[in-house]
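Visitor: The structure's right below; bear with me while I get my questions together.
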Amino acid sequence: MAESLLSTYVLAALLPILYLFYRWRYVNLYDIPTIGPSAPILSYLGARKYARHAREMLKEGYEKYKGGVFKVPTYERWLIVVNGPRMVDELRKLPDDQVSFLDAAEDLVHTSYTFGDFDNDPFHVEIIRAQLTRHLASVFGDIRDEIVAAYNDFIPPSDDWTPSYVLPTMQQIVARVSSRVFVGLPMCRHKEYLDLSIKHTIQVMKTKDFLNQWPEMLQPIAGYFVDESRRSVKQGIALLQPTIEERMNKAKELGNDWDDKPNDLLQWVIDMALEKGKGMETIVPMLLSTNFAAIHTSSNSFTHTIYYLAAYPQYIKPLREEVEAIVKEEGWTKAAMQKMKKLDSFMRESQRVSGLGGLSLMRKTIKPITLSTGHRIPPGHIIVATSSAMHLDEEHYPNPEVFDPFRFSNMREGDTGEATKHQYVSTSTDYIPFGHGKHACPGRFFAANELKAMLAHTIISYDVKFEKEGVRPENIWVGESCIPDPRTPVLFRKRRD
């Protein structure tokens, strides 16, 4: 209560300054249509509404200005929103010397406060995009092994229906499985390290949401009081320093290759850090940011998927038949995951209907640009694309509100040239949960194999349902983020048939 009153008093005292800042910062955006109030000061009422009803406002803008552009107010800035496949493609094609993905991430996720300093060189992103993806087949055995171990620990098989709150459970399982590939054994099962990874993930979202409530000009002041990245990095260094130092010393003594050299993300980052003359203060923030991306996105996406499985248990049988037939032929391998078209479709459809949020493809203008709509956008503004509203548009997906688990596997049947277009990892101008273009999520290939292996294990090992059978809990929207309701448990039972 006291914090709320303080924020109100501070904002009231700064209103004249904010008005002048508003005039200076946003006068050039007047010709872009607005959802919500657009007048000075009143736009902050619109920002308050957006914080509570972002989904509805984005849907309204999408329907009013389909194929065009509009803007919505937030506490810190205007978001310029483009609509539809043509505009998605236009945003994707804008060159990096005109718009910046990293600058947009800094402004929207506040990376300097949430992840720490990468010295303007996030080289781990290319490692994830290239080396992690390239090594998926060789590390898949570790992924499978850790899934079995983690499920036995967090959802032990039982002959009786046993409730599990899926979101926090999947945060634990995803943290374990991802860490097996990121840092290897035994650290991937180290309780203090896993607790740090999950706590940091939650704190990133809290910090982001807190800073997003402040006008842009006041965020450095507000950020000073909520900067958890330094504490997390310090704790991470304390936990990982012996492992990192041992590996660095071996690399210096034995060169690039030695017997039993680890084949994990930490080692690949260490190798690159040594080439660039970087140390612990760079390596640990990179691991923490990768943990965040894996735990936050994957646990939310997978919980959405489990909710659909529990709400529609009639689909377990055909999925189970597919998984068992392919595993019998291919074993638990990356190649097997690629052949599970129905499983892949189930996950893709879950992400279409209940994605991570209402926006995608964030960019920040660093030079003046003019869109094909004729709207000129000065430097320093954030441009995003509507995702949820487009994914639920009849124009792109028949019966869009209906969860059709084999929608995409049906599209892949026959020799239609659609075999890869509708895979879980594939992006397009009308399917953008992972973004689209060269800045699409670099870790989506790892995440897809991890989550498909987890879903396959769930299907062949458990029966699942909700206590109210066939009733999926409504999603919770926080701003433009879509979250599976964490308050409703799913019932698990050891498979009977």
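Residues in the structure tokens are named by chain (A, B, ... in the order shown) and by number from 1 within that chain; ligands are numbered from 1 in the order shown.
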Let's see if you can do this: from backbone DSSP, list all alpha helix (DSSP H) residues in range 84-275 of chain A, as an MDAnalysis selection string.

Guide: chainID A and resid 84:93 101:109 111:114 124:127 133:134 136:154 166:182 191:211 219:226 229:254 265:275

Visitor: Dump C-alpha atoms for the selected residues as a tab-separated table (two decimals), in the first residue's frame?

Guide:
chain	number	residue	atom	x	y	z
A	84	GLY	CA	-0.91	-9.25	-40.56
A	85	PRO	CA	1.45	-11.38	-42.69
A	86	ARG	CA	2.44	-8.62	-45.12
A	87	MET	CA	3.51	-6.27	-42.33
A	88	VAL	CA	5.25	-9.11	-40.46
A	89	ASP	CA	7.30	-9.75	-43.58
A	90	GLU	CA	8.07	-6.06	-43.92
A	91	LEU	CA	9.23	-5.83	-40.30
A	92	ARG	CA	11.32	-8.98	-40.72
A	93	LYS	CA	13.10	-7.55	-43.75
A	101	PHE	CA	16.44	-6.55	-32.01
A	102	LEU	CA	18.95	-6.29	-29.15
A	103	ASP	CA	18.09	-2.67	-28.40
A	104	ALA	CA	14.40	-3.59	-28.33
A	105	ALA	CA	15.15	-6.44	-25.90
A	106	GLU	CA	17.06	-4.04	-23.67
A	107	ASP	CA	14.12	-1.64	-23.58
A	108	LEU	CA	11.36	-4.23	-23.13
A	109	VAL	CA	13.10	-6.82	-20.92
A	111	THR	CA	18.46	-6.77	-19.85
A	112	SER	CA	21.03	-4.58	-18.10
A	113	TYR	CA	19.02	-4.94	-14.88
A	114	THR	CA	17.83	-8.52	-15.36
A	124	HIS	CA	26.35	-17.08	-26.55
A	125	VAL	CA	23.35	-16.44	-28.84
A	126	GLU	CA	25.28	-17.65	-31.89
A	127	ILE	CA	26.56	-20.63	-29.89
A	133	THR	CA	21.49	-27.08	-32.66
A	134	ARG	CA	24.28	-28.99	-34.42
A	136	LEU	CA	21.27	-32.10	-30.67
A	137	ALA	CA	21.60	-35.68	-31.92
A	138	SER	CA	24.70	-36.34	-29.80
A	139	VAL	CA	23.19	-34.92	-26.57
A	140	PHE	CA	19.73	-36.42	-27.03
A	141	GLY	CA	20.60	-39.45	-24.91
A	142	ASP	CA	21.40	-37.11	-22.01
A	143	ILE	CA	18.10	-35.29	-22.55
A	144	ARG	CA	16.16	-38.56	-22.43
A	145	ASP	CA	18.06	-39.80	-19.37
A	146	GLU	CA	17.40	-36.61	-17.42
A	147	ILE	CA	13.70	-36.55	-18.38
A	148	VAL	CA	13.19	-40.02	-16.91
A	149	ALA	CA	15.11	-39.14	-13.74
A	150	ALA	CA	13.36	-35.78	-13.25
A	151	TYR	CA	9.86	-37.18	-13.84
A	152	ASN	CA	10.51	-39.94	-11.31
A	153	ASP	CA	11.54	-37.30	-8.78
A	154	PHE	CA	8.79	-34.73	-9.38
A	166	VAL	CA	2.07	-28.35	-13.44
A	167	LEU	CA	3.70	-24.94	-13.94
A	168	PRO	CA	6.06	-25.04	-10.92
A	169	THR	CA	6.64	-28.75	-11.51
A	170	MET	CA	7.62	-28.16	-15.12
A	171	GLN	CA	9.91	-25.32	-14.08
A	172	GLN	CA	11.79	-27.87	-11.98
A	173	ILE	CA	11.84	-30.53	-14.72
A	174	VAL	CA	12.80	-28.11	-17.52
A	175	ALA	CA	15.54	-26.64	-15.33
A	176	ARG	CA	16.94	-30.13	-14.73
A	177	VAL	CA	16.74	-31.33	-18.33
A	178	SER	CA	18.06	-28.09	-19.83
A	179	SER	CA	20.89	-27.93	-17.31
A	180	ARG	CA	21.96	-31.46	-18.26
A	181	VAL	CA	22.82	-30.03	-21.68
A	182	PHE	CA	23.96	-26.63	-20.41
A	191	LYS	CA	19.77	-28.12	-5.69
A	192	GLU	CA	21.28	-24.72	-4.99
A	193	TYR	CA	22.14	-24.18	-8.66
A	194	LEU	CA	18.64	-25.22	-9.80
A	195	ASP	CA	17.04	-23.02	-7.15
A	196	LEU	CA	19.11	-20.08	-8.39
A	197	SER	CA	18.13	-20.77	-12.01
A	198	ILE	CA	14.40	-20.86	-11.21
A	199	LYS	CA	14.52	-17.95	-8.75
A	200	HIS	CA	16.41	-15.83	-11.26
A	201	THR	CA	13.86	-16.68	-13.96
A	202	ILE	CA	10.98	-15.55	-11.74
A	203	GLN	CA	12.87	-12.43	-10.64
A	204	VAL	CA	13.56	-11.42	-14.26
A	205	MET	CA	9.82	-11.30	-14.95
A	206	LYS	CA	9.10	-9.41	-11.73
A	207	THR	CA	11.81	-6.86	-12.46
A	208	LYS	CA	10.65	-6.43	-16.06
A	209	ASP	CA	7.02	-5.95	-14.99
A	210	PHE	CA	8.02	-3.48	-12.27
A	211	LEU	CA	10.19	-1.35	-14.54
A	219	GLN	CA	13.63	3.75	-15.14
A	220	PRO	CA	17.33	4.21	-14.27
A	221	ILE	CA	16.25	5.45	-10.83
A	222	ALA	CA	13.71	2.66	-10.33
A	223	GLY	CA	16.14	0.09	-11.72
A	224	TYR	CA	18.75	0.94	-9.11
A	225	PHE	CA	16.47	-0.47	-6.40
A	226	VAL	CA	15.50	-3.72	-8.15
A	229	SER	CA	21.30	-9.38	-11.69
A	230	ARG	CA	24.41	-8.55	-9.66
A	231	ARG	CA	23.27	-10.75	-6.77
A	232	SER	CA	22.37	-13.63	-9.09
A	233	VAL	CA	25.67	-13.36	-10.95
A	234	LYS	CA	27.59	-13.32	-7.68
A	235	GLN	CA	25.77	-16.44	-6.47
A	236	GLY	CA	26.23	-18.11	-9.85
A	237	ILE	CA	29.97	-17.43	-9.79
A	238	ALA	CA	30.22	-18.94	-6.31
A	239	LEU	CA	28.53	-22.12	-7.54
A	240	LEU	CA	30.19	-22.47	-10.94
A	241	GLN	CA	33.66	-21.03	-10.34
A	242	PRO	CA	35.36	-24.36	-9.45
A	243	THR	CA	33.94	-26.04	-12.57
A	244	ILE	CA	34.75	-23.12	-14.87
A	245	GLU	CA	38.28	-22.69	-13.53
A	246	GLU	CA	39.00	-26.42	-13.87
A	247	ARG	CA	37.82	-26.42	-17.49
A	248	MET	CA	39.71	-23.21	-18.32
A	249	ASN	CA	42.91	-24.61	-16.85
A	250	LYS	CA	42.57	-27.81	-18.87
A	251	ALA	CA	42.01	-25.80	-22.04
A	252	LYS	CA	45.12	-23.73	-21.37
A	253	GLU	CA	47.21	-26.82	-20.60
A	254	LEU	CA	45.88	-29.28	-23.19
A	265	LEU	CA	26.87	-25.35	-23.55
A	266	LEU	CA	29.12	-24.24	-20.69
A	267	GLN	CA	32.17	-25.69	-22.44
A	268	TRP	CA	31.29	-24.05	-25.76
A	269	VAL	CA	30.87	-20.70	-24.01
A	270	ILE	CA	34.18	-21.17	-22.16
A	271	ASP	CA	35.96	-21.96	-25.44
A	272	MET	CA	34.67	-18.76	-27.02
A	273	ALA	CA	35.32	-16.71	-23.88
A	274	LEU	CA	38.97	-17.79	-23.89
A	275	GLU	CA	39.30	-16.74	-27.52

Visitor: For range 380-390 of chain A, list every protein, DNA or RNA residue within 7 Å, evaluated using only C-alpha atoms, and leave out those in the same chain fewer than 3 positions away; present the list as a PyMOL selection string.

Guide: chain A and resi 59+62+79-84+88+104+355+357-366+393+430+432-433

Visitor: For the residues in the current selection, export N, CA, C and O atoms as an mmCIF file, in the first residue's frame.

Guide:
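Saved result, result38.cif, follows:
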data_model
loop_
_atom_site.group_PDB
_atom_site.id
_atom_site.type_symbol
_atom_site.label_atom_id
_atom_site.label_comp_id
_atom_site.auth_asym_id
_atom_site.auth_seq_id
_atom_site.Cartn_x
_atom_site.Cartn_y
_atom_site.Cartn_z
ATOM 1 N N LYS A 59 -6.401 -7.037 -29.838
ATOM 2 C CA LYS A 59 -7.388 -7.620 -30.752
ATOM 3 C C LYS A 59 -8.182 -6.522 -31.456
ATOM 4 O O LYS A 59 -8.437 -6.592 -32.672
ATOM 5 N N TYR A 62 -5.983 -5.009 -34.067
ATOM 6 C CA TYR A 62 -5.799 -5.939 -35.181
ATOM 7 C C TYR A 62 -7.015 -5.911 -36.107
ATOM 8 O O TYR A 62 -6.877 -5.882 -37.338
ATOM 9 N N LEU A 79 3.901 1.661 -27.928
ATOM 10 C CA LEU A 79 4.276 0.508 -28.731
ATOM 11 C C LEU A 79 3.623 0.669 -30.097
ATOM 12 O O LEU A 79 2.408 0.840 -30.200
ATOM 13 N N ILE A 80 4.424 0.622 -31.137
ATOM 14 C CA ILE A 80 3.915 0.688 -32.502
ATOM 15 C C ILE A 80 3.714 -0.747 -32.979
ATOM 16 O O ILE A 80 4.656 -1.550 -32.976
ATOM 17 N N VAL A 81 2.488 -1.070 -33.359
ATOM 18 C CA VAL A 81 2.111 -2.453 -33.628
ATOM 19 C C VAL A 81 1.742 -2.612 -35.098
ATOM 20 O O VAL A 81 0.866 -1.886 -35.597
ATOM 21 N N VAL A 82 2.407 -3.564 -35.778
ATOM 22 C CA VAL A 82 2.058 -3.859 -37.164
ATOM 23 C C VAL A 82 1.203 -5.118 -37.202
ATOM 24 O O VAL A 82 1.306 -5.983 -36.324
ATOM 25 N N ASN A 83 0.361 -5.214 -38.231
ATOM 26 C CA ASN A 83 -0.673 -6.240 -38.306
ATOM 27 C C ASN A 83 -0.582 -7.073 -39.567
ATOM 28 O O ASN A 83 -0.453 -6.529 -40.666
ATOM 29 N N GLY A 84 -0.704 -8.388 -39.420
ATOM 30 C CA GLY A 84 -0.906 -9.254 -40.559
ATOM 31 C C GLY A 84 0.368 -9.714 -41.241
ATOM 32 O O GLY A 84 1.451 -9.145 -41.048
ATOM 33 N N VAL A 88 4.244 -8.281 -41.125
ATOM 34 C CA VAL A 88 5.249 -9.112 -40.461
ATOM 35 C C VAL A 88 6.459 -9.286 -41.365
ATOM 36 O O VAL A 88 7.615 -9.159 -40.935
ATOM 37 N N ALA A 104 15.787 -3.405 -28.738
ATOM 38 C CA ALA A 104 14.399 -3.593 -28.326
ATOM 39 C C ALA A 104 14.318 -4.490 -27.097
ATOM 40 O O ALA A 104 13.550 -4.228 -26.161
ATOM 41 N N GLY A 355 -0.439 -19.170 -26.928
ATOM 42 C CA GLY A 355 0.982 -18.868 -27.022
ATOM 43 C C GLY A 355 1.483 -18.158 -25.780
ATOM 44 O O GLY A 355 0.798 -18.052 -24.764
ATOM 45 N N GLY A 357 2.118 -14.993 -25.576
ATOM 46 C CA GLY A 357 1.621 -13.633 -25.428
ATOM 47 C C GLY A 357 1.016 -13.091 -26.705
ATOM 48 O O GLY A 357 0.842 -13.819 -27.697
ATOM 49 N N GLY A 358 0.738 -11.811 -26.673
ATOM 50 C CA GLY A 358 0.032 -11.178 -27.778
ATOM 51 C C GLY A 358 0.917 -10.489 -28.788
ATOM 52 O O GLY A 358 0.418 -9.997 -29.802
ATOM 53 N N LEU A 359 2.243 -10.450 -28.540
ATOM 54 C CA LEU A 359 3.152 -9.713 -29.418
ATOM 55 C C LEU A 359 4.380 -10.543 -29.756
ATOM 56 O O LEU A 359 4.760 -11.452 -29.007
ATOM 57 N N SER A 360 5.015 -10.213 -30.860
ATOM 58 C CA SER A 360 6.244 -10.882 -31.266
ATOM 59 C C SER A 360 7.051 -9.915 -32.131
ATOM 60 O O SER A 360 6.628 -8.790 -32.381
ATOM 61 N N LEU A 361 8.235 -10.371 -32.590
ATOM 62 C CA LEU A 361 9.081 -9.593 -33.509
ATOM 63 C C LEU A 361 9.381 -8.168 -33.015
ATOM 64 O O LEU A 361 9.065 -7.189 -33.679
ATOM 65 N N MET A 362 9.975 -8.044 -31.856
ATOM 66 C CA MET A 362 10.276 -6.704 -31.350
ATOM 67 C C MET A 362 11.511 -6.129 -32.043
ATOM 68 O O MET A 362 12.515 -6.799 -32.228
ATOM 69 N N ARG A 363 11.412 -4.862 -32.404
ATOM 70 C CA ARG A 363 12.532 -4.122 -33.001
ATOM 71 C C ARG A 363 12.503 -2.696 -32.462
ATOM 72 O O ARG A 363 11.442 -2.153 -32.164
ATOM 73 N N LYS A 364 13.674 -2.067 -32.403
ATOM 74 C CA LYS A 364 13.771 -0.656 -32.030
ATOM 75 C C LYS A 364 14.410 0.106 -33.190
ATOM 76 O O LYS A 364 15.454 -0.303 -33.712
ATOM 77 N N THR A 365 13.782 1.205 -33.564
ATOM 78 C CA THR A 365 14.334 1.988 -34.671
ATOM 79 C C THR A 365 15.595 2.707 -34.218
ATOM 80 O O THR A 365 15.639 3.325 -33.158
ATOM 81 N N ILE A 366 16.637 2.612 -35.045
ATOM 82 C CA ILE A 366 17.870 3.350 -34.764
ATOM 83 C C ILE A 366 18.130 4.397 -35.840
ATOM 84 O O ILE A 366 19.051 5.208 -35.715
ATOM 85 N N ASP A 393 -7.225 -15.746 -36.188
ATOM 86 C CA ASP A 393 -7.935 -15.089 -37.284
ATOM 87 C C ASP A 393 -8.429 -16.146 -38.273
ATOM 88 O O ASP A 393 -7.650 -16.945 -38.797
ATOM 89 N N ASP A 430 2.486 -15.866 -40.882
ATOM 90 C CA ASP A 430 1.232 -15.956 -40.127
ATOM 91 C C ASP A 430 1.342 -16.896 -38.931
ATOM 92 O O ASP A 430 0.334 -17.260 -38.323
ATOM 93 N N ILE A 432 3.999 -16.846 -35.658
ATOM 94 C CA ILE A 432 5.186 -16.154 -35.152
ATOM 95 C C ILE A 432 5.417 -16.293 -33.644
ATOM 96 O O ILE A 432 5.969 -15.391 -33.012
ATOM 97 N N PRO A 433 5.042 -17.424 -33.019
ATOM 98 C CA PRO A 433 5.371 -17.562 -31.595
ATOM 99 C C PRO A 433 6.866 -17.484 -31.320
ATOM 100 O O PRO A 433 7.283 -17.025 -30.248
#

Visitor: Can you pull out every residue within 6 Å of range 339-349 of chain A, counting only C-alpha atoms, but drop anything in the same chain fewer than 2 positions away, and send it as a compact mmCIF listing (two decimals) with C-alpha atoms, in the first residue's frame?

Guide:
# COMPACT_ATOMS: atom_id res chain seq x y z
CA ALA A 336 12.43 -40.37 -33.69
CA MET A 337 11.26 -36.93 -32.55
CA GLN A 351 1.12 -22.75 -29.07
CA ARG A 352 -1.16 -21.27 -31.73
CA PRO A 405 -4.67 -31.07 -32.25
CA PHE A 406 -3.94 -32.63 -35.64
CA PHE A 408 -0.92 -29.23 -38.73
CA SER A 409 -0.15 -32.93 -39.12
CA TYR A 424 6.56 -27.01 -34.48

Visitor: Measure the distance from CA of Asn449 in chain A to CA of Lys334 in chain A in Å and round it to one decimal.

Guide: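 CA of Asn449 in chain A sits 7.0 Å away from CA of Lys334 in chain A.
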
Visitor: Find the residue from A:Thr373, A:Thr420, A:Thr427, A:Thr297 that sits nearest to Asp31 in chain A; use only C-alpha atoms when measuring.

Guide: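 Smallest distance to Asp31 in chain A is found for A:Thr373.
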
Visitor: Do you have the CA of Gly61 in chain A-CA of Thr34 in chain A distance handy?

Guide: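 Calculated distance between CA of Gly61 in chain A and CA of Thr34 in chain A is 8.1 Å.
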